[in-house]
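Participant: upload26.csv is reproduced below (CSV, C-alpha atoms).
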chain,number,residue,atom,x,y,z
A,13,MET,CA,9.3,-5.4,-6.4
A,14,THR,CA,9.0,-2.2,-4.4
A,15,VAL,CA,6.9,-2.6,-1.3
A,16,ALA,CA,4.9,0.3,0.1
A,17,GLU,CA,5.4,0.7,3.9
A,18,GLU,CA,2.4,2.9,4.4
A,19,LEU,CA,-1.2,2.8,3.0
A,20,ALA,CA,-0.8,6.2,1.5
A,21,ASP,CA,2.2,5.1,-0.5
A,22,LEU,CA,0.0,2.7,-2.6
A,23,PRO,CA,-0.4,3.8,-6.2
A,24,TYR,CA,-4.2,3.2,-5.8
A,25,ALA,CA,-4.6,4.6,-2.3
A,26,ASP,CA,-6.8,7.5,-3.5
A,27,ALA,CA,-9.2,5.1,-5.2
A,28,LEU,CA,-9.8,2.9,-2.1
A,29,ARG,CA,-13.3,2.7,-0.6
A,30,PRO,CA,-13.7,1.9,3.1
A,31,TYR,CA,-15.1,-1.6,3.8
A,32,ARG,CA,-15.8,-2.8,7.4
A,33,GLU,CA,-18.3,-5.5,6.9
A,34,ALA,CA,-17.9,-9.3,7.0
A,35,LEU,CA,-16.4,-10.8,3.9
A,36,GLU,CA,-18.7,-13.0,1.8
A,37,ALA,CA,-18.1,-16.1,-0.3
A,38,GLU,CA,-17.3,-15.3,-4.0
A,39,GLY,CA,-17.1,-11.6,-3.1
A,40,ASP,CA,-15.7,-9.1,-5.5
A,41,TYR,CA,-13.4,-6.7,-3.5
A,42,ASP,CA,-12.0,-4.3,-6.1
A,43,THR,CA,-10.2,-1.1,-4.7
A,44,VAL,CA,-11.6,-1.5,-1.2
A,45,HIS,CA,-9.9,-0.9,2.1
A,46,VAL,CA,-10.9,-3.6,4.5
A,47,ASP,CA,-10.0,-2.1,7.9
A,48,ARG,CA,-10.4,-3.5,11.5
A,49,VAL,CA,-12.6,-6.4,10.5
A,50,ALA,CA,-12.7,-9.2,13.1
A,51,ALA,CA,-14.3,-12.5,11.9
A,52,GLU,CA,-14.5,-15.9,13.5
A,53,GLY,CA,-15.7,-18.7,11.3
A,54,GLY,CA,-17.6,-18.3,8.1
A,55,SER,CA,-16.5,-18.4,4.4
A,56,ALA,CA,-15.2,-15.9,1.9
A,57,ALA,CA,-14.1,-18.7,-0.4
A,58,GLY,CA,-13.7,-18.0,-4.1
A,59,SER,CA,-13.4,-14.3,-3.6
A,60,ARG,CA,-11.5,-11.9,-5.8
A,61,PHE,CA,-9.3,-9.1,-4.3
A,62,LEU,CA,-7.9,-6.5,-6.8
A,63,GLU,CA,-5.9,-3.4,-5.9
A,64,ALA,CA,-7.2,-3.8,-2.3
A,65,ALA,CA,-5.8,-3.1,1.2
A,66,VAL,CA,-6.4,-5.0,4.4
A,67,THR,CA,-5.3,-3.5,7.6
A,68,ASP,CA,-5.5,-4.4,11.3
A,69,CYS,CA,-7.9,-7.3,10.7
A,70,SER,CA,-8.3,-10.6,12.5
A,71,PHE,CA,-9.6,-13.7,10.8
A,72,ALA,CA,-10.0,-16.9,12.8
A,73,GLU,CA,-11.1,-20.2,11.2
A,74,VAL,CA,-12.2,-18.2,8.2
A,75,SER,CA,-12.2,-19.9,4.8
A,76,LEU,CA,-10.7,-18.0,1.9
A,77,ARG,CA,-10.1,-21.2,-0.1
A,78,GLY,CA,-9.6,-20.6,-3.9
A,79,SER,CA,-9.6,-16.8,-3.6
A,80,ARG,CA,-7.5,-14.6,-5.8
A,81,PHE,CA,-5.3,-11.8,-4.6
A,82,ASN,CA,-4.0,-9.4,-7.2
A,83,ASP,CA,-2.0,-6.4,-6.2
A,84,VAL,CA,-3.2,-6.6,-2.6
A,85,TRP,CA,-1.5,-4.9,0.4
A,86,ILE,CA,-2.1,-6.5,3.8
A,87,SER,CA,-0.7,-5.0,7.0
A,88,GLY,CA,-1.0,-5.8,10.7
A,89,THR,CA,-3.4,-8.6,10.2
A,90,ARG,CA,-3.7,-11.9,12.0
A,91,LEU,CA,-4.9,-15.2,10.5
A,92,THR,CA,-5.5,-18.0,12.9
A,93,GLY,CA,-6.6,-21.4,11.6
A,94,ALA,CA,-7.7,-19.8,8.4
A,95,SER,CA,-7.8,-21.6,5.0
A,96,LEU,CA,-5.9,-20.1,2.1
A,97,ALA,CA,-5.8,-23.5,0.3
A,98,GLY,CA,-5.6,-23.2,-3.5
A,99,THR,CA,-5.4,-19.4,-3.4
A,100,ASP,CA,-3.7,-17.4,-6.1
A,101,TRP,CA,-1.4,-14.5,-5.3
A,102,LEU,CA,0.2,-12.0,-7.6
A,103,ASP,CA,2.2,-8.8,-7.0
A,104,SER,CA,1.0,-8.6,-3.3
A,105,ALA,CA,2.6,-7.8,0.0
A,106,LEU,CA,2.1,-8.8,3.7
A,107,LEU,CA,3.6,-6.5,6.3
A,108,GLY,CA,3.7,-7.2,10.0
A,109,CYS,CA,1.2,-10.1,9.7
A,110,SER,CA,0.8,-13.2,11.8
A,111,LEU,CA,-0.2,-16.5,10.4
A,112,ALA,CA,-0.8,-19.4,12.7
A,113,GLY,CA,-2.2,-22.8,11.8
A,114,VAL,CA,-3.0,-21.6,8.3
A,115,GLU,CA,-3.8,-24.0,5.5
A,116,ALA,CA,-2.2,-22.7,2.3
A,117,TYR,CA,-1.5,-26.0,0.5
A,118,GLY,CA,-1.7,-25.8,-3.2
A,119,ALA,CA,-1.5,-22.1,-3.2
A,120,THR,CA,0.3,-20.2,-6.0
A,121,MET,CA,2.3,-17.1,-5.2
A,122,ARG,CA,4.1,-15.0,-7.7
A,123,ARG,CA,6.0,-11.8,-6.8
A,124,VAL,CA,4.8,-11.8,-3.3
A,125,HIS,CA,6.7,-10.0,-0.5
A,126,LEU,CA,6.3,-10.9,3.2
A,127,ARG,CA,8.0,-8.4,5.6
A,128,ARG,CA,8.3,-8.7,9.4
A,129,CYS,CA,5.7,-11.6,9.4
A,130,LYS,CA,5.5,-14.5,11.7
A,131,LEU,CA,4.4,-17.9,10.2
A,132,ASP,CA,3.7,-20.6,12.7
A,133,SER,CA,2.6,-24.1,11.6
A,134,VAL,CA,1.6,-22.9,8.1
A,135,ASN,CA,0.9,-25.6,5.6
A,136,LEU,CA,2.3,-24.8,2.2
A,137,ARG,CA,2.4,-28.3,0.9
A,138,SER,CA,2.4,-28.6,-2.9
A,139,ALA,CA,2.4,-24.8,-3.2
A,140,ALA,CA,4.1,-23.0,-6.0
A,141,LEU,CA,6.2,-20.0,-5.0
A,142,HIS,CA,7.9,-17.9,-7.6
A,143,GLU,CA,9.9,-14.8,-6.8
A,144,VAL,CA,8.6,-14.8,-3.2
A,145,VAL,CA,10.5,-12.8,-0.6
A,146,PHE,CA,10.4,-13.6,3.1
A,147,GLU,CA,12.1,-10.5,4.6
A,148,ASP,CA,12.8,-10.3,8.4
A,149,CYS,CA,10.3,-13.1,9.0
A,150,VAL,CA,10.2,-16.0,11.4
A,151,LEU,CA,9.1,-19.3,9.8
A,152,ARG,CA,8.4,-21.8,12.5
A,153,ASP,CA,7.2,-25.4,11.7
A,154,VAL,CA,6.3,-24.3,8.1
A,155,ASP,CA,5.6,-27.2,5.8
A,156,PHE,CA,7.0,-26.8,2.3
A,157,GLN,CA,6.7,-30.5,1.5
A,158,GLU,CA,6.3,-31.2,-2.2
A,159,ALA,CA,6.3,-27.5,-2.9
A,160,VAL,CA,8.2,-25.7,-5.6
A,161,LEU,CA,10.3,-22.7,-4.5
A,162,GLU,CA,11.7,-20.9,-7.5
A,163,LYS,CA,13.8,-17.7,-6.9
A,164,VAL,CA,12.5,-17.5,-3.4
A,165,SER,CA,14.7,-15.6,-0.9
A,166,PHE,CA,14.8,-15.2,2.9
A,167,PRO,CA,16.8,-12.1,3.8
A,168,GLY,CA,17.0,-11.5,7.5
A,169,SER,CA,14.6,-14.4,8.2
A,170,ARG,CA,14.8,-17.5,10.4
A,171,LEU,CA,13.6,-21.0,9.4
A,172,GLU,CA,12.9,-23.1,12.5
A,173,ARG,CA,12.0,-26.8,11.9
A,174,ALA,CA,11.0,-26.2,8.3
A,175,ARG,CA,9.9,-29.2,6.3
A,176,LEU,CA,11.2,-29.6,2.8
A,177,GLY,CA,10.6,-33.2,2.1
A,178,ARG,CA,10.2,-33.8,-1.6
A,179,ALA,CA,10.3,-30.1,-2.3
A,180,THR,CA,11.9,-28.7,-5.4
A,181,LEU,CA,14.1,-25.6,-5.0
A,182,LYS,CA,15.2,-23.7,-8.1
A,183,LYS,CA,17.7,-20.9,-7.4
A,184,ALA,CA,16.2,-20.5,-3.9
A,185,ASP,CA,18.4,-18.0,-2.1
A,186,LEU,CA,19.1,-18.8,1.5
A,187,ARG,CA,22.2,-16.6,1.7
A,188,GLY,CA,20.5,-13.9,3.7
A,189,ALA,CA,18.8,-16.2,6.2
A,190,LEU,CA,19.9,-15.7,9.8
A,191,GLY,CA,19.1,-19.3,10.7
A,192,ILE,CA,18.4,-22.5,8.8
A,193,ASP,CA,16.9,-25.4,10.8
A,194,LEU,CA,15.2,-28.2,8.9
A,195,ALA,CA,13.0,-30.9,10.2
A,196,ASP,CA,13.5,-32.9,7.0
A,197,GLY,CA,14.2,-32.6,3.3
A,198,TRP,CA,17.9,-31.8,3.5
A,199,ASP,CA,18.4,-33.3,0.0
A,200,ALA,CA,16.1,-30.6,-1.3
A,201,LEU,CA,18.8,-28.0,-0.7
A,202,ARG,CA,20.5,-29.2,-3.9
A,203,GLY,CA,18.7,-26.3,-5.6
A,204,ALA,CA,19.5,-23.7,-3.0
A,205,LEU,CA,22.2,-20.9,-2.8
A,206,ILE,CA,24.0,-20.7,0.5
A,207,THR,CA,27.1,-19.1,1.8
A,208,PRO,CA,30.3,-20.9,2.8
A,209,ALA,CA,29.7,-20.0,6.4
A,210,GLN,CA,26.2,-21.5,6.2
A,211,LEU,CA,27.6,-24.7,4.7
A,212,LEU,CA,29.9,-25.1,7.6
A,213,ASP,CA,27.0,-24.6,10.0
A,214,LEU,CA,24.8,-27.1,8.1
A,215,ALA,CA,27.6,-29.7,7.6
A,216,PRO,CA,26.8,-31.9,10.6
A,217,ALA,CA,23.1,-32.1,9.8
A,218,LEU,CA,23.8,-32.7,6.1
A,219,ALA,CA,26.2,-35.4,7.0
A,220,ALA,CA,23.7,-37.1,9.3
A,221,ALA,CA,20.9,-36.8,6.7
A,222,LEU,CA,23.2,-38.5,4.1
A,223,GLY,CA,24.2,-41.2,6.5
A,224,ILE,CA,27.8,-40.0,6.7
A,225,THR,CA,29.7,-40.8,9.9
A,226,VAL,CA,32.3,-38.2,10.8
A,227,LYS,CA,35.1,-39.3,13.1
A,228,ASP,CA,38.6,-38.0,13.8
A,229,ARG,CA,40.0,-41.6,13.8
What do you get writing this file as structure tokens?
Facilitator:
Amino acid sequence: MTVAEELADLPYADALRPYREALEAEGDYDTVHVDRVAAEGGSAAGSRFLEAAVTDCSFAEVSLRGSRFNDVWISGTRLTGASLAGTDWLDSALLGCSLAGVEAYGATMRRVHLRRCKLDSVNLRSAALHEVVFEDCVLRDVDFQEAVLEKVSFPGSRLERARLGRATLKKADLRGALGIDLADGWDALRGALITPAQLLDLAPALAAALGITVKDR
């Protein structure tokens, strides 16, 4: 998946229409450019975003529950305490975004690329991630419990206190991650790809999680 770095690089950039109003529940946002919208509270649940762009926005405690994002490009946007539960994402990208305290449990993401994003205490429980890329991101206290991560990769990213309890990893590629720190779910790594060097770094934590005592004598 090729990710556009600039708005003008989007194949549908010329078709975008400016949109700076508050988002509404069950809204239809087709080929719109949502720019510099700041919202606190309210609901845009059940909305549909198609070939849309969102830039430099701030959404605090806003519900987007059950919304669909198809070919959406989001840049420089902050989501704080927002709900993305049960959302469906396809062929979309988030660049330089910040997500803090976001509920995204039960979300489905297919071919989604996150670049230079910060995820802090994001709830992705029971989510389904397929061909999702976390590039140069920081994932702090992200909850992947009971989620399915298939062909997910983390090039240049750091996982800090990530939770993988009862998660299912299928060809999840951790080889490019700069740091892997798990709060739980070490057994879920059975479906992950890691480097020999990463294995050496993880060995003490893996041994402890498996109840193995390591002593020289």
Participant: A:Arg77, A:Lys182, A:Arg152, A:His125: which is nearest Phe166 (chain A), counting only C-alpha atoms?
Facilitator: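 The answer is A:His125, which sits nearest to Phe166 (chain A).
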Participant: I need the residue nearest Asp185 (chain A) from this list: A:Val145, A:Gly197, A:Phe156, A:His45. Use only C-alpha atoms for the distance.
Facilitator: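 Selected residue with least distance to Asp185 (chain A): A:Val145.
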Participant: Would you mind reading off the distance between CA of Val124 (chain A) and CA of Trp198 (chain A), one decimal, in Å?
Facilitator: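 Value for the CA of Val124 (chain A)-CA of Trp198 (chain A) distance: 24.9 Å.
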Participant: Counting only C-alpha atoms, give me one row per residue of region 101-165 of chain A with an atom at most 10 Å from an atom of region 90-95 of chain A, showing the shortest contact pair and its distance in Å to one decimal, sorted by chain then residue number, as JSON lines.
Facilitator:
{"residue": "A:Gly108", "atom": "CA", "partner": "A:Arg90", "partner_atom": "CA", "distance": 9.0}
{"residue": "A:Cys109", "atom": "CA", "partner": "A:Arg90", "partner_atom": "CA", "distance": 5.7}
{"residue": "A:Ser110", "atom": "CA", "partner": "A:Arg90", "partner_atom": "CA", "distance": 4.7}
{"residue": "A:Leu111", "atom": "CA", "partner": "A:Leu91", "partner_atom": "CA", "distance": 4.9}
{"residue": "A:Ala112", "atom": "CA", "partner": "A:Thr92", "partner_atom": "CA", "distance": 4.9}
{"residue": "A:Gly113", "atom": "CA", "partner": "A:Gly93", "partner_atom": "CA", "distance": 4.6}
{"residue": "A:Val114", "atom": "CA", "partner": "A:Gly93", "partner_atom": "CA", "distance": 4.9}
{"residue": "A:Glu115", "atom": "CA", "partner": "A:Ser95", "partner_atom": "CA", "distance": 4.7}
{"residue": "A:Ala116", "atom": "CA", "partner": "A:Ser95", "partner_atom": "CA", "distance": 6.3}
{"residue": "A:Tyr117", "atom": "CA", "partner": "A:Ser95", "partner_atom": "CA", "distance": 8.9}
{"residue": "A:Cys129", "atom": "CA", "partner": "A:Arg90", "partner_atom": "CA", "distance": 9.8}
{"residue": "A:Lys130", "atom": "CA", "partner": "A:Arg90", "partner_atom": "CA", "distance": 9.6}
{"residue": "A:Leu131", "atom": "CA", "partner": "A:Leu91", "partner_atom": "CA", "distance": 9.7}
{"residue": "A:Asp132", "atom": "CA", "partner": "A:Thr92", "partner_atom": "CA", "distance": 9.6}
{"residue": "A:Ser133", "atom": "CA", "partner": "A:Gly93", "partner_atom": "CA", "distance": 9.6}
{"residue": "A:Val134", "atom": "CA", "partner": "A:Gly93", "partner_atom": "CA", "distance": 9.0}
{"residue": "A:Asn135", "atom": "CA", "partner": "A:Ser95", "partner_atom": "CA", "distance": 9.6}
Participant: Give me the residues near Ala50 (chain A) as JSON, numbers by chain, where near means some atom within 12 Å (using all atoms listed in the file) and where sequence neighbours in that chain fewer than 5 positions away do not count.
Facilitator: {"A": [32, 33, 34, 35, 66, 67, 68, 69, 70, 71, 72, 73, 74, 89, 90, 91, 92]}
Participant: What is the CA of Arg202 (chain A)-CA of Pro216 (chain A) distance in Å, reported with one decimal?
Facilitator: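 So the answer is 16.0 Å.
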Participant: Which residues are near Val164 (chain A)? Cut-off 10 Å, all atoms listed in the file, ignore same chain within fewer than 2 positions. Put them as a PDB file with C-alpha atoms, in the coordinates of the input.
Facilitator:
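Heads up, here's the output in out.pdb:
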ATOM      1  CA  ARG A 122       4.100 -15.000  -7.700  1.00  0.00           C
ATOM      2  CA  ARG A 123       6.000 -11.800  -6.800  1.00  0.00           C
ATOM      3  CA  VAL A 124       4.800 -11.800  -3.300  1.00  0.00           C
ATOM      4  CA  HIS A 125       6.700 -10.000  -0.500  1.00  0.00           C
ATOM      5  CA  LEU A 141       6.200 -20.000  -5.000  1.00  0.00           C
ATOM      6  CA  HIS A 142       7.900 -17.900  -7.600  1.00  0.00           C
ATOM      7  CA  GLU A 143       9.900 -14.800  -6.800  1.00  0.00           C
ATOM      8  CA  VAL A 144       8.600 -14.800  -3.200  1.00  0.00           C
ATOM      9  CA  VAL A 145      10.500 -12.800  -0.600  1.00  0.00           C
ATOM     10  CA  PHE A 146      10.400 -13.600   3.100  1.00  0.00           C
ATOM     11  CA  VAL A 160       8.200 -25.700  -5.600  1.00  0.00           C
ATOM     12  CA  LEU A 161      10.300 -22.700  -4.500  1.00  0.00           C
ATOM     13  CA  GLU A 162      11.700 -20.900  -7.500  1.00  0.00           C
ATOM     14  CA  PHE A 166      14.800 -15.200   2.900  1.00  0.00           C
ATOM     15  CA  PRO A 167      16.800 -12.100   3.800  1.00  0.00           C
ATOM     16  CA  LEU A 181      14.100 -25.600  -5.000  1.00  0.00           C
ATOM     17  CA  LYS A 182      15.200 -23.700  -8.100  1.00  0.00           C
ATOM     18  CA  LYS A 183      17.700 -20.900  -7.400  1.00  0.00           C
ATOM     19  CA  ALA A 184      16.200 -20.500  -3.900  1.00  0.00           C
ATOM     20  CA  ASP A 185      18.400 -18.000  -2.100  1.00  0.00           C
ATOM     21  CA  LEU A 186      19.100 -18.800   1.500  1.00  0.00           C
ATOM     22  CA  ALA A 204      19.500 -23.700  -3.000  1.00  0.00           C
TER      23      ALA A 204
END
Participant: Which of these, A:Ala25, A:Ile192, A:Ala16, A:Leu96, has the shortest distance to Leu212 (chain A) once you count all atoms listed in the file?
Facilitator: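 Closest to Leu212 (chain A), using all atoms listed in the file: A:Ile192.
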Participant: So that I can see what lies close to Ala56 (chain A), please list as a compact mmCIF listing (two decimals) with C-alpha atoms, in the coordinates of the input the residues with an atom at most 9 Å from it, counting all atoms listed in the file and leaving out residues fewer than 2 positions away in the same chain.
Facilitator:
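The resulting file, selection35.txt, is reproduced below:
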# COMPACT_ATOMS: atom_id res chain seq x y z
CA ALA A 34 -17.90 -9.30 7.00
CA LEU A 35 -16.40 -10.80 3.90
CA GLU A 36 -18.70 -13.00 1.80
CA ALA A 37 -18.10 -16.10 -0.30
CA GLU A 38 -17.30 -15.30 -4.00
CA GLY A 39 -17.10 -11.60 -3.10
CA GLY A 54 -17.60 -18.30 8.10
CA GLY A 58 -13.70 -18.00 -4.10
CA SER A 59 -13.40 -14.30 -3.60
CA VAL A 74 -12.20 -18.20 8.20
CA SER A 75 -12.20 -19.90 4.80
CA LEU A 76 -10.70 -18.00 1.90
CA ARG A 77 -10.10 -21.20 -0.10
CA SER A 79 -9.60 -16.80 -3.60
Participant: Nearest to Gly78 (chain A) among A:Ala97, A:Met121, A:Leu62, A:Leu19, with distances taken over only C-alpha atoms: which residue is it?
Facilitator: A:Ala97
